[in-house]
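The structure under discussion appears below in the form of structure tokens.
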Amino acid sequence: MTNMIAKVPMGKDGVLVGRQGLGCMGMSEFYGAADPDASRRVLDLALDLGVTHFDTADMYGIGANEEFLAPFLRDNRKRAHIATKYGYRRSLDAPDDWGVTNDPAHIHRAVDASLHRLGVEVIDLYYMHRRDPAVPLADSIGAMADLVQAGKVRALGLCEVSATELAEAHAIHPIAALQSEWSVFSRDIEAEVAATAARLGTAIIPFAPLGRGLLTGALSLAADDARRHFPRFSDANLDANTRAAQVIGALAAARGVSPAQIALAWLHDRARVFGVTVIPIPGTRQPARLRENLGALDITLTADELATLAPLAAQVQGQRV
């Protein structure tokens, strides 16, 4: 594994960040209990190894994940590039409300709350977490652009939008990054969105690049793990998806590397295929897994290996979340 990972621009002419980031959601919620001290060690190690882009959202732990990151950001503000998101109405009073709003008034309230929880004066990258079709893009992107003008946000991002929506938003204000699910098992983005992002100079930030653990060969679900409720992890689908993942495991064994490294190396190869900046954000709470994931950056897959991986997405059972 390289001692310090290379940097790439976050969007056209954007700030340089490590070409693999870190998703922080699981440090606070969804994937079973986490150890805050261990998670902080992962954050510190990531920065030492050249990871500079850290991803959170206001709904992760209903604000708790942003609050958890605050001391780390305070100690490392000049080096850490922080992204957070607004959009879900979920709150402490309504933790099961998964409704979405892009209302401009909500956006202004949400950014102030995130700034306070993160303990920063400006957010490096601010995402619309999900699109609310009831609100015109001109209104929501306009409100987000106001945040840039006010100095509260440095760059704007979108999550899980269509190619048409990305282009429409970019015409209103430059969109530095698009976050969407993208992995060997989830390739919807390749139909139209990836090419549009490349044309616009928008970086793509794949979330769930390891299929929420399916592609690691070491899947383990705690009793309170949210994945137990996801279609691809259901009793009806998990066996078939595990068998598909074994193809990755076989390639990894032949290489003497881990399945996660093969899966991430495949995703980094998509940057070459589509001519777009790709910055995956695999999440982990273990230093060993962090080092393992970064080791993918030293792997170049062969044409035969890429051909072996190509059919897997069509074999996956269950919808993605």
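Just remember, in the structure tokens the first chain shown is A, the second B, etc., residues are 1-based per chain, and ligands are 1-based in the order shown.
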Compile the contact shell of Ala245 in chain A as a PyMOL selection string: residues with an atom at most 12 Å away, counting only C-alpha atoms, same-chain residues fewer than 4 positions apart removed.
chain A and resi 183-185+210-211+213-219+238-241+249-252+259-260+262-263+308-309+311-313+315-317
Mind checking which residues fall within 7 Å of range 104-111 of chain A, counting only C-alpha atoms, ignoring those fewer than 5 positions away in the same chain, and posting them as an MDAnalysis selection string?
chainID A and resid 86 139:140 143
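Computed from the coordinates, the CA of Glu66 in chain A to CA of Ala265 in chain A distance equals 29.1 Å.
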Using backbone DSSP assignments, extract all strand (DSSP E) residues from range 56-187 of chain A; output them as a PyMOL selection string.
chain A and resi 81-86+123-128+153-159+177-181
Can you list every residue in range 30-204 of chain A that DSSP puts in helix (DSSP H, G or I), as a VMD selection string?
chain A and resid 36 to 48 64 to 76 104 to 118 137 to 149 163 to 172 188 to 190 193 to 200
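Neighbours of Leu47 in chain A closer than or equal to 8 Å, with only C-alpha atoms counted and sequence neighbours fewer than 5 positions away skipped, come out as Thr52, Arg79 and Ala80 of chain A.
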Between A:Glu192, A:Asp37, A:Asp225, A:Glu181, which one has atoms that come closest to Thr164 in chain A, using only C-alpha atoms?
A:Glu192
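One finds CA of Ala138 in chain A at 7.3 Å from CA of Ala169 in chain A.
Closest to Ser162 in chain A among A:Ser180, A:Pro174, A:Ala150, A:Gly14 is A:Ser180, based on only C-alpha atoms.
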Test item: residues at most 8 Å from Gln20 in chain A, only C-alpha atoms, excluding those fewer than 2 positions along its chain, as a PyMOL selection string
chain A and resi 5+18+22+51+53+279-281+294
